[in-house]
$ cat run_23.txt   # compact mmCIF, N, CA and C atoms
# COMPACT_ATOMS: atom_id res chain seq x y z
N MET A 1 178.50 167.21 85.37
CA MET A 1 179.64 166.59 86.01
C MET A 1 180.91 167.21 85.46
N ALA A 2 181.71 167.72 86.31
CA ALA A 2 182.97 168.34 85.91
C ALA A 2 184.07 167.28 85.83
N ILE A 3 184.87 167.40 84.81
CA ILE A 3 186.00 166.48 84.63
C ILE A 3 187.28 167.27 84.85
N SER A 4 188.09 166.74 85.73
CA SER A 4 189.35 167.43 86.00
C SER A 4 190.34 167.14 84.88
N GLU A 5 191.37 167.95 84.82
CA GLU A 5 192.41 167.75 83.81
C GLU A 5 193.08 166.39 84.02
N GLN A 6 193.26 165.99 85.29
CA GLN A 6 193.86 164.69 85.60
C GLN A 6 192.97 163.55 85.08
N ASP A 7 191.65 163.66 85.29
CA ASP A 7 190.71 162.65 84.78
C ASP A 7 190.81 162.55 83.26
N PHE A 8 190.91 163.69 82.61
CA PHE A 8 191.01 163.71 81.16
C PHE A 8 192.27 162.99 80.68
N PHE A 9 193.41 163.29 81.29
CA PHE A 9 194.66 162.66 80.90
C PHE A 9 194.65 161.16 81.17
N GLU A 10 194.04 160.74 82.27
CA GLU A 10 193.96 159.31 82.58
C GLU A 10 193.07 158.59 81.57
N ALA A 11 191.95 159.20 81.21
CA ALA A 11 191.05 158.59 80.23
C ALA A 11 191.72 158.51 78.86
N THR A 12 192.46 159.55 78.51
CA THR A 12 193.19 159.54 77.24
C THR A 12 194.23 158.43 77.22
N ALA A 13 194.93 158.23 78.32
CA ALA A 13 195.94 157.17 78.41
C ALA A 13 195.29 155.79 78.29
N ARG A 14 194.12 155.61 78.92
CA ARG A 14 193.42 154.32 78.81
C ARG A 14 192.99 154.06 77.37
N GLY A 15 192.51 155.10 76.70
CA GLY A 15 192.11 154.96 75.30
C GLY A 15 193.28 154.61 74.40
N GLU A 16 194.40 155.25 74.61
CA GLU A 16 195.60 154.95 73.81
C GLU A 16 196.09 153.53 74.05
N ALA A 17 195.99 153.07 75.31
CA ALA A 17 196.39 151.69 75.62
C ALA A 17 195.49 150.70 74.88
N LEU A 18 194.19 150.97 74.84
CA LEU A 18 193.27 150.11 74.10
C LEU A 18 193.57 150.14 72.61
N ARG A 19 193.81 151.33 72.06
CA ARG A 19 194.12 151.46 70.63
C ARG A 19 195.37 150.69 70.25
N SER A 20 196.35 150.64 71.15
CA SER A 20 197.62 149.97 70.82
C SER A 20 197.44 148.47 70.64
N LYS A 21 196.35 147.91 71.19
CA LYS A 21 196.08 146.48 71.05
C LYS A 21 195.35 146.16 69.76
N GLY A 22 194.94 147.17 69.05
CA GLY A 22 194.26 146.97 67.78
C GLY A 22 193.05 147.86 67.65
N HIS A 23 192.99 148.60 66.56
CA HIS A 23 191.82 149.43 66.27
C HIS A 23 191.45 149.28 64.80
N ALA A 24 190.19 149.51 64.52
CA ALA A 24 189.67 149.31 63.17
C ALA A 24 190.22 150.36 62.21
N THR A 25 190.64 149.90 61.05
CA THR A 25 191.05 150.79 59.98
C THR A 25 190.10 150.70 58.78
N ARG A 26 189.34 149.60 58.72
CA ARG A 26 188.37 149.39 57.63
C ARG A 26 187.30 148.43 58.15
N ALA A 27 186.07 148.67 57.75
CA ALA A 27 184.97 147.77 58.13
C ALA A 27 183.98 147.72 56.98
N GLU A 28 183.48 146.53 56.71
CA GLU A 28 182.47 146.38 55.67
C GLU A 28 181.58 145.19 55.99
N TYR A 29 180.40 145.21 55.38
CA TYR A 29 179.48 144.10 55.49
C TYR A 29 179.61 143.26 54.23
N ASP A 30 179.93 141.98 54.40
CA ASP A 30 180.04 141.04 53.28
C ASP A 30 178.68 140.38 53.12
N ALA A 31 177.90 140.87 52.16
CA ALA A 31 176.52 140.40 51.97
C ALA A 31 176.47 138.94 51.54
N GLU A 32 177.44 138.50 50.74
CA GLU A 32 177.45 137.13 50.26
C GLU A 32 177.61 136.14 51.42
N GLN A 33 178.51 136.45 52.34
CA GLN A 33 178.77 135.57 53.48
C GLN A 33 177.96 135.97 54.72
N LYS A 34 177.25 137.11 54.65
CA LYS A 34 176.47 137.64 55.77
C LYS A 34 177.32 137.81 57.02
N ARG A 35 178.43 138.52 56.84
CA ARG A 35 179.33 138.72 57.97
C ARG A 35 179.94 140.11 57.96
N LEU A 36 180.35 140.53 59.14
CA LEU A 36 181.05 141.78 59.34
C LEU A 36 182.53 141.50 59.19
N VAL A 37 183.21 142.30 58.38
CA VAL A 37 184.65 142.15 58.17
C VAL A 37 185.34 143.42 58.64
N VAL A 38 186.25 143.28 59.60
CA VAL A 38 186.94 144.43 60.18
C VAL A 38 188.43 144.22 60.08
N ASP A 39 189.12 145.15 59.43
CA ASP A 39 190.58 145.14 59.37
C ASP A 39 191.12 145.99 60.50
N LEU A 40 192.14 145.49 61.19
CA LEU A 40 192.77 146.22 62.28
C LEU A 40 194.12 146.76 61.84
N ASN A 41 194.61 147.74 62.57
CA ASN A 41 195.91 148.33 62.26
C ASN A 41 197.04 147.34 62.47
N THR A 42 196.80 146.25 63.17
CA THR A 42 197.81 145.24 63.45
C THR A 42 197.99 144.26 62.31
N GLY A 43 197.15 144.36 61.28
CA GLY A 43 197.20 143.41 60.18
C GLY A 43 196.21 142.27 60.34
N VAL A 44 195.54 142.22 61.45
CA VAL A 44 194.54 141.19 61.73
C VAL A 44 193.22 141.58 61.08
N THR A 45 192.51 140.61 60.55
CA THR A 45 191.17 140.81 60.02
C THR A 45 190.21 139.94 60.82
N ILE A 46 189.15 140.55 61.32
CA ILE A 46 188.12 139.83 62.08
C ILE A 46 186.92 139.66 61.16
N MET A 47 186.37 138.44 61.10
CA MET A 47 185.16 138.18 60.32
C MET A 47 184.16 137.50 61.25
N VAL A 48 183.01 138.14 61.44
CA VAL A 48 182.00 137.62 62.36
C VAL A 48 180.65 137.60 61.66
N PRO A 49 179.96 136.45 61.68
CA PRO A 49 178.61 136.43 61.13
C PRO A 49 177.72 137.42 61.89
N VAL A 50 176.97 138.25 61.17
CA VAL A 50 176.17 139.28 61.83
C VAL A 50 175.08 138.68 62.71
N ARG A 51 174.66 137.45 62.45
CA ARG A 51 173.64 136.81 63.29
C ARG A 51 174.14 136.60 64.71
N LEU A 52 175.47 136.65 64.91
CA LEU A 52 176.04 136.46 66.23
C LEU A 52 176.17 137.77 67.01
N ILE A 53 175.95 138.90 66.35
CA ILE A 53 176.11 140.20 67.00
C ILE A 53 174.73 140.73 67.36
N GLU A 54 174.51 140.90 68.65
CA GLU A 54 173.16 141.21 69.16
C GLU A 54 172.49 142.37 68.44
N CYS A 55 173.15 143.50 68.31
CA CYS A 55 172.48 144.68 67.74
C CYS A 55 172.35 144.61 66.21
N LEU A 56 172.96 143.61 65.58
CA LEU A 56 172.89 143.49 64.13
C LEU A 56 172.11 142.26 63.67
N ALA A 57 171.83 141.35 64.59
CA ALA A 57 171.26 140.05 64.24
C ALA A 57 169.96 140.15 63.45
N SER A 58 169.11 141.11 63.76
CA SER A 58 167.82 141.19 63.08
C SER A 58 167.75 142.35 62.08
N ALA A 59 168.89 142.93 61.76
CA ALA A 59 168.92 144.09 60.86
C ALA A 59 168.74 143.66 59.40
N GLN A 60 168.19 144.57 58.62
CA GLN A 60 168.06 144.35 57.18
C GLN A 60 169.44 144.51 56.52
N GLU A 61 169.69 143.75 55.48
CA GLU A 61 170.99 143.83 54.80
C GLU A 61 171.30 145.24 54.32
N SER A 62 170.29 145.95 53.85
CA SER A 62 170.52 147.30 53.34
C SER A 62 171.01 148.25 54.44
N ASP A 63 170.65 147.96 55.69
CA ASP A 63 171.08 148.81 56.81
C ASP A 63 172.48 148.47 57.30
N LEU A 64 172.98 147.33 56.93
CA LEU A 64 174.29 146.88 57.42
C LEU A 64 175.47 147.42 56.62
N THR A 65 175.21 147.96 55.46
CA THR A 65 176.31 148.37 54.58
C THR A 65 176.94 149.71 54.95
N ASP A 66 176.20 150.56 55.64
CA ASP A 66 176.70 151.90 55.96
C ASP A 66 177.33 151.89 57.35
N ILE A 67 178.63 151.63 57.41
CA ILE A 67 179.34 151.49 58.69
C ILE A 67 180.30 152.66 58.85
N GLU A 68 180.24 153.28 60.02
CA GLU A 68 181.19 154.34 60.36
C GLU A 68 182.19 153.79 61.38
N ILE A 69 183.45 154.14 61.22
CA ILE A 69 184.46 153.82 62.22
C ILE A 69 184.66 155.08 63.04
N THR A 70 184.58 154.97 64.36
CA THR A 70 184.77 156.14 65.21
C THR A 70 186.20 156.66 65.05
N PRO A 71 186.43 157.91 65.36
CA PRO A 71 187.79 158.46 65.21
C PRO A 71 188.87 157.68 65.95
N SER A 72 188.53 157.10 67.08
CA SER A 72 189.52 156.31 67.83
C SER A 72 189.75 154.95 67.18
N GLY A 73 188.82 154.50 66.35
CA GLY A 73 188.92 153.18 65.73
C GLY A 73 188.49 152.07 66.67
N LEU A 74 187.97 152.43 67.84
CA LEU A 74 187.60 151.42 68.83
C LEU A 74 186.13 151.01 68.75
N ALA A 75 185.37 151.66 67.90
CA ALA A 75 183.96 151.31 67.77
C ALA A 75 183.51 151.47 66.33
N LEU A 76 182.47 150.72 65.99
CA LEU A 76 181.81 150.80 64.70
C LEU A 76 180.39 151.27 64.96
N HIS A 77 179.86 152.09 64.06
CA HIS A 77 178.53 152.66 64.26
C HIS A 77 177.71 152.52 62.99
N TRP A 78 176.44 152.14 63.17
CA TRP A 78 175.47 152.08 62.10
C TRP A 78 174.41 153.12 62.40
N ASP A 79 174.44 154.21 61.66
CA ASP A 79 173.53 155.33 61.93
C ASP A 79 172.08 154.93 61.75
N ARG A 80 171.75 154.23 60.67
CA ARG A 80 170.36 153.84 60.41
C ARG A 80 169.79 152.93 61.49
N LEU A 81 170.67 152.15 62.12
CA LEU A 81 170.24 151.21 63.15
C LEU A 81 170.40 151.78 64.56
N ASP A 82 171.09 152.91 64.67
CA ASP A 82 171.48 153.46 65.96
C ASP A 82 172.15 152.38 66.79
N ALA A 83 173.11 151.69 66.16
CA ALA A 83 173.80 150.56 66.78
C ALA A 83 175.30 150.80 66.79
N ASP A 84 175.93 150.31 67.84
CA ASP A 84 177.37 150.43 67.98
C ASP A 84 177.96 149.08 68.38
N VAL A 85 179.15 148.80 67.87
CA VAL A 85 179.89 147.59 68.23
C VAL A 85 181.27 148.02 68.68
N TYR A 86 181.68 147.54 69.84
CA TYR A 86 182.96 147.87 70.44
C TYR A 86 184.01 146.90 69.91
N VAL A 87 185.01 147.39 69.21
CA VAL A 87 186.02 146.55 68.56
C VAL A 87 186.77 145.66 69.55
N PRO A 88 187.23 146.16 70.72
CA PRO A 88 187.88 145.26 71.67
C PRO A 88 186.99 144.09 72.10
N SER A 89 185.69 144.29 72.15
CA SER A 89 184.78 143.19 72.49
C SER A 89 184.76 142.14 71.38
N LEU A 90 184.80 142.58 70.13
CA LEU A 90 184.87 141.63 69.02
C LEU A 90 186.12 140.77 69.14
N LEU A 91 187.23 141.40 69.52
CA LEU A 91 188.48 140.65 69.68
C LEU A 91 188.38 139.63 70.80
N GLN A 92 187.56 139.92 71.80
CA GLN A 92 187.38 139.01 72.94
C GLN A 92 186.27 137.99 72.71
N GLY A 93 185.57 138.09 71.58
CA GLY A 93 184.48 137.16 71.31
C GLY A 93 183.20 137.51 72.04
N ILE A 94 183.05 138.77 72.45
CA ILE A 94 181.84 139.23 73.12
C ILE A 94 180.98 139.94 72.09
N PHE A 95 179.84 139.35 71.76
CA PHE A 95 179.02 139.86 70.67
C PHE A 95 177.69 140.44 71.12
N GLY A 96 177.47 140.52 72.43
CA GLY A 96 176.23 141.06 72.96
C GLY A 96 176.25 141.02 74.48
N THR A 97 175.09 141.27 75.06
CA THR A 97 175.00 141.22 76.52
C THR A 97 175.16 139.78 77.00
N LYS A 98 175.49 139.61 78.27
CA LYS A 98 175.64 138.25 78.82
C LYS A 98 174.35 137.45 78.64
N LYS A 99 173.22 138.10 78.90
CA LYS A 99 171.92 137.42 78.79
C LYS A 99 171.67 136.95 77.36
N TRP A 100 171.94 137.83 76.39
CA TRP A 100 171.71 137.49 74.99
C TRP A 100 172.64 136.36 74.55
N MET A 101 173.92 136.46 74.93
CA MET A 101 174.88 135.43 74.54
C MET A 101 174.54 134.08 75.18
N ALA A 102 174.09 134.09 76.44
CA ALA A 102 173.69 132.85 77.11
C ALA A 102 172.50 132.22 76.38
N ALA A 103 171.57 133.05 75.95
CA ALA A 103 170.41 132.53 75.21
C ALA A 103 170.85 131.89 73.89
N GLN A 104 171.82 132.50 73.22
CA GLN A 104 172.31 131.94 71.96
C GLN A 104 172.99 130.59 72.20
N LEU A 105 173.81 130.51 73.25
CA LEU A 105 174.49 129.26 73.56
C LEU A 105 173.50 128.19 74.01
N GLY A 106 172.51 128.58 74.82
CA GLY A 106 171.51 127.63 75.29
C GLY A 106 170.68 127.09 74.14
N SER A 107 170.36 127.96 73.22
CA SER A 107 169.58 127.55 72.05
C SER A 107 170.37 126.53 71.22
N ALA A 108 171.64 126.80 71.03
CA ALA A 108 172.48 125.87 70.26
C ALA A 108 172.64 124.55 70.99
N GLY A 109 172.80 124.62 72.31
CA GLY A 109 172.95 123.40 73.10
C GLY A 109 171.71 122.54 73.06
N GLY A 110 170.55 123.16 73.07
CA GLY A 110 169.30 122.41 73.02
C GLY A 110 169.10 121.69 71.70
N ARG A 111 169.68 122.20 70.64
CA ARG A 111 169.57 121.57 69.31
C ARG A 111 170.63 120.51 69.09
N ALA A 112 171.63 120.47 69.99
CA ALA A 112 172.73 119.53 69.81
C ALA A 112 172.22 118.10 69.88
N SER A 113 172.80 117.23 69.08
CA SER A 113 172.40 115.84 69.06
C SER A 113 173.64 114.98 69.16
N SER A 114 173.55 113.95 69.98
CA SER A 114 174.66 113.01 70.11
C SER A 114 174.07 111.65 70.46
N PRO A 115 174.82 110.59 70.27
CA PRO A 115 174.32 109.26 70.66
C PRO A 115 173.97 109.20 72.15
N ALA A 116 174.78 109.84 72.99
CA ALA A 116 174.52 109.83 74.43
C ALA A 116 173.21 110.55 74.75
N LYS A 117 172.97 111.69 74.09
CA LYS A 117 171.75 112.45 74.33
C LYS A 117 170.53 111.65 73.85
N ALA A 118 170.65 110.99 72.71
CA ALA A 118 169.54 110.18 72.19
C ALA A 118 169.24 109.01 73.12
N ALA A 119 170.29 108.38 73.64
CA ALA A 119 170.09 107.26 74.56
C ALA A 119 169.42 107.72 75.85
N ALA A 120 169.84 108.87 76.38
CA ALA A 120 169.25 109.41 77.59
C ALA A 120 167.77 109.74 77.36
N ALA A 121 167.45 110.26 76.20
CA ALA A 121 166.06 110.59 75.88
C ALA A 121 165.21 109.32 75.80
N ARG A 122 165.77 108.22 75.24
CA ARG A 122 165.02 106.96 75.18
C ARG A 122 164.76 106.40 76.58
N VAL A 123 165.78 106.47 77.44
CA VAL A 123 165.62 105.99 78.82
C VAL A 123 164.57 106.83 79.55
N ASN A 124 164.65 108.14 79.38
CA ASN A 124 163.69 109.03 80.02
C ASN A 124 162.28 108.77 79.49
N GLY A 125 162.15 108.53 78.19
CA GLY A 125 160.85 108.25 77.59
C GLY A 125 160.26 106.95 78.12
N ALA A 126 161.11 105.95 78.35
CA ALA A 126 160.64 104.68 78.89
C ALA A 126 160.10 104.85 80.31
N LYS A 127 160.56 105.84 81.01
CA LYS A 127 160.10 106.11 82.37
C LYS A 127 158.84 106.98 82.38
N GLY A 128 158.35 107.35 81.24
CA GLY A 128 157.15 108.17 81.18
C GLY A 128 157.43 109.61 80.75
N GLY A 129 158.67 109.91 80.41
CA GLY A 129 159.00 111.24 79.92
C GLY A 129 159.32 112.21 81.03
N ARG A 130 159.43 113.45 80.67
CA ARG A 130 159.77 114.52 81.61
C ARG A 130 158.62 114.73 82.59
N PRO A 131 158.94 114.84 83.87
CA PRO A 131 157.86 115.08 84.85
C PRO A 131 157.17 116.41 84.57
N ARG A 132 155.87 116.44 84.82
CA ARG A 132 155.10 117.65 84.60
C ARG A 132 155.43 118.66 85.71
N LYS A 133 155.42 119.95 85.35
CA LYS A 133 155.63 120.99 86.34
C LYS A 133 154.43 121.05 87.26
N GLN A 134 154.71 121.27 88.53
CA GLN A 134 153.62 121.38 89.50
C GLN A 134 153.31 122.83 89.74
N ALA A 135 152.03 123.16 89.80
CA ALA A 135 151.61 124.55 89.99
C ALA A 135 151.88 125.05 91.38

$ encode --input "run_23.txt" --output "structure tokens"
Amino acid sequence: MAISEQDFFEATARGEALRSKGHATRAEYDAEQKRLVVDLNTGVTIMVPVRLIECLASAQESDLTDIEITPSGLALHWDRLDADVYVPSLLQGIFGTKKWMAAQLGSAGGRASSPAKAAAARVNGAKGGRPRKQA
């Protein structure tokens, strides 16, 4: 695929616009807190538990310590894991694919407990419980 000079300049402008909103200047894995810590050029520091980041959630701690910041500062790379994290996505709270994030939220919601949920479960139990699936 050939890229025209105009395409190149447009892509460069888009990259610079993204960088101006914040790019990584330092990244490290905080083993004690089990979180990724990223300093941005804007003075902002992002701290995210690695269990929330899809490509890092099941990684060994020893593999999380070797982090490369791409030259643009817009991505972080773990060579041993062949994993990448897009810094603008971290800023937006996007830690994985939509499917993976929905599964994480659904899992947390299913564990949630409240007086209303307990009462509904008691009422449902009095009726014989959840209906069986039909084949």

$ atom_distance --input "run_23.txt" --atom1 "atom CA of A:Glu61" --atom2 "atom CA of A:Ala31"
7.1 Å

$ atom_distance --input "run_23.txt" --atom1 "atom C of A:Asn124" --atom2 "atom C of A:Ala102"
25.8 Å

$ select_by_dssp --input "run_23.txt" --residues "stretch 22-93 of chain A" --states "strand (DSSP E or B)" --output "ChimeraX atom specification"
/A:24-30,35-40,45-49,68-69,75-78,83-86

$ closest_residue --input "run_23.txt" --among "A:Gln6, A:Ser113, A:Met1, A:Ile46" --to "A:His23" --atoms "only C-alpha atoms"
A:Ile46

$ residues_around --input "run_23.txt" --residues "stretch 40-44 of chain A" --least-positions-apart "3" --cutoff "6 Å" --atoms "only C-alpha atoms" --output "ChimeraX atom specification"
/A:22-25

$ write_last_selection --input "run_23.txt" --atoms "N, CA and C atoms" --output "short mmCIF file (atom, residue, chain, number, x, y, z; two decimals), keeping the file's coordinate frame"
data_model
loop_
_atom_site.label_atom_id
_atom_site.label_comp_id
_atom_site.auth_asym_id
_atom_site.auth_seq_id
_atom_site.Cartn_x
_atom_site.Cartn_y
_atom_site.Cartn_z
N GLY A 22 194.94 147.17 69.05
CA GLY A 22 194.26 146.97 67.78
C GLY A 22 193.05 147.86 67.65
N HIS A 23 192.99 148.60 66.56
CA HIS A 23 191.82 149.43 66.27
C HIS A 23 191.45 149.28 64.80
N ALA A 24 190.19 149.51 64.52
CA ALA A 24 189.67 149.31 63.17
C ALA A 24 190.22 150.36 62.21
N THR A 25 190.64 149.90 61.05
CA THR A 25 191.05 150.79 59.98
C THR A 25 190.10 150.70 58.78
#

$ closest_residue --input "run_23.txt" --among "A:Ile53, A:Val37, A:Leu64, A:Leu74" --to "A:Arg14" --atoms "only C-alpha atoms"
A:Leu74

$ build_atoms --input "run_23.txt" --residues "stretch 49-60 of chain A" --atoms "all heavy atoms" --output "compact mmCIF listing (two decimals), in the coordinates of the input"
# COMPACT_ATOMS: atom_id res chain seq x y z
N PRO A 49 179.96 136.45 61.68
CA PRO A 49 178.61 136.43 61.13
C PRO A 49 177.72 137.42 61.89
O PRO A 49 177.73 137.44 63.11
CB PRO A 49 178.14 134.99 61.37
CG PRO A 49 179.40 134.20 61.54
CD PRO A 49 180.39 135.14 62.17
N VAL A 50 176.97 138.25 61.17
CA VAL A 50 176.17 139.28 61.83
C VAL A 50 175.08 138.68 62.71
O VAL A 50 174.66 139.31 63.67
CB VAL A 50 175.57 140.31 60.85
CG1 VAL A 50 176.65 141.15 60.22
CG2 VAL A 50 174.70 139.65 59.81
N ARG A 51 174.66 137.45 62.45
CA ARG A 51 173.64 136.81 63.29
C ARG A 51 174.14 136.60 64.71
O ARG A 51 173.35 136.42 65.63
CB ARG A 51 173.18 135.49 62.68
CG ARG A 51 174.25 134.44 62.65
CD ARG A 51 173.76 133.11 62.04
NE ARG A 51 174.85 132.24 61.76
CZ ARG A 51 175.57 131.58 62.68
NH1 ARG A 51 175.28 131.71 63.95
NH2 ARG A 51 176.57 130.80 62.33
N LEU A 52 175.47 136.65 64.91
CA LEU A 52 176.04 136.46 66.23
C LEU A 52 176.17 137.77 67.01
O LEU A 52 176.49 137.74 68.20
CB LEU A 52 177.43 135.82 66.13
CG LEU A 52 177.50 134.43 65.54
CD1 LEU A 52 178.94 133.95 65.50
CD2 LEU A 52 176.63 133.46 66.33
N ILE A 53 175.95 138.90 66.35
CA ILE A 53 176.11 140.20 67.00
C ILE A 53 174.73 140.73 67.36
O ILE A 53 173.90 140.97 66.48
CB ILE A 53 176.88 141.18 66.08
CG1 ILE A 53 178.24 140.59 65.72
CG2 ILE A 53 177.02 142.53 66.76
CD1 ILE A 53 179.01 141.37 64.68
N GLU A 54 174.51 140.90 68.65
CA GLU A 54 173.16 141.21 69.16
C GLU A 54 172.49 142.37 68.44
O GLU A 54 171.36 142.24 67.97
CB GLU A 54 173.23 141.51 70.66
CG GLU A 54 171.90 141.79 71.28
CD GLU A 54 171.96 141.97 72.77
OE1 GLU A 54 173.06 142.10 73.33
OE2 GLU A 54 170.89 141.98 73.39
N CYS A 55 173.15 143.50 68.31
CA CYS A 55 172.48 144.68 67.74
C CYS A 55 172.35 144.61 66.21
O CYS A 55 171.68 145.44 65.62
CB CYS A 55 173.22 145.95 68.15
SG CYS A 55 174.93 146.04 67.58
N LEU A 56 172.96 143.61 65.58
CA LEU A 56 172.89 143.49 64.13
C LEU A 56 172.11 142.26 63.67
O LEU A 56 171.78 142.14 62.49
CB LEU A 56 174.31 143.42 63.54
CG LEU A 56 175.26 144.55 63.89
CD1 LEU A 56 176.62 144.31 63.25
CD2 LEU A 56 174.69 145.89 63.48
N ALA A 57 171.83 141.35 64.59
CA ALA A 57 171.26 140.05 64.24
C ALA A 57 169.96 140.15 63.45
O ALA A 57 169.73 139.36 62.53
CB ALA A 57 171.05 139.22 65.49
N SER A 58 169.11 141.11 63.76
CA SER A 58 167.82 141.19 63.08
C SER A 58 167.75 142.35 62.08
O SER A 58 166.68 142.68 61.59
CB SER A 58 166.69 141.32 64.11
OG SER A 58 166.89 142.50 64.88
N ALA A 59 168.89 142.93 61.76
CA ALA A 59 168.92 144.09 60.86
C ALA A 59 168.74 143.66 59.40
O ALA A 59 169.08 142.54 59.01
CB ALA A 59 170.24 144.83 61.01
N GLN A 60 168.19 144.57 58.62
CA GLN A 60 168.06 144.35 57.18
C GLN A 60 169.44 144.51 56.52
O GLN A 60 170.25 145.32 56.97
CB GLN A 60 167.11 145.39 56.57
CG GLN A 60 165.71 145.33 57.14
CD GLN A 60 165.01 144.04 56.77
OE1 GLN A 60 165.10 143.58 55.64
NE2 GLN A 60 164.34 143.45 57.74
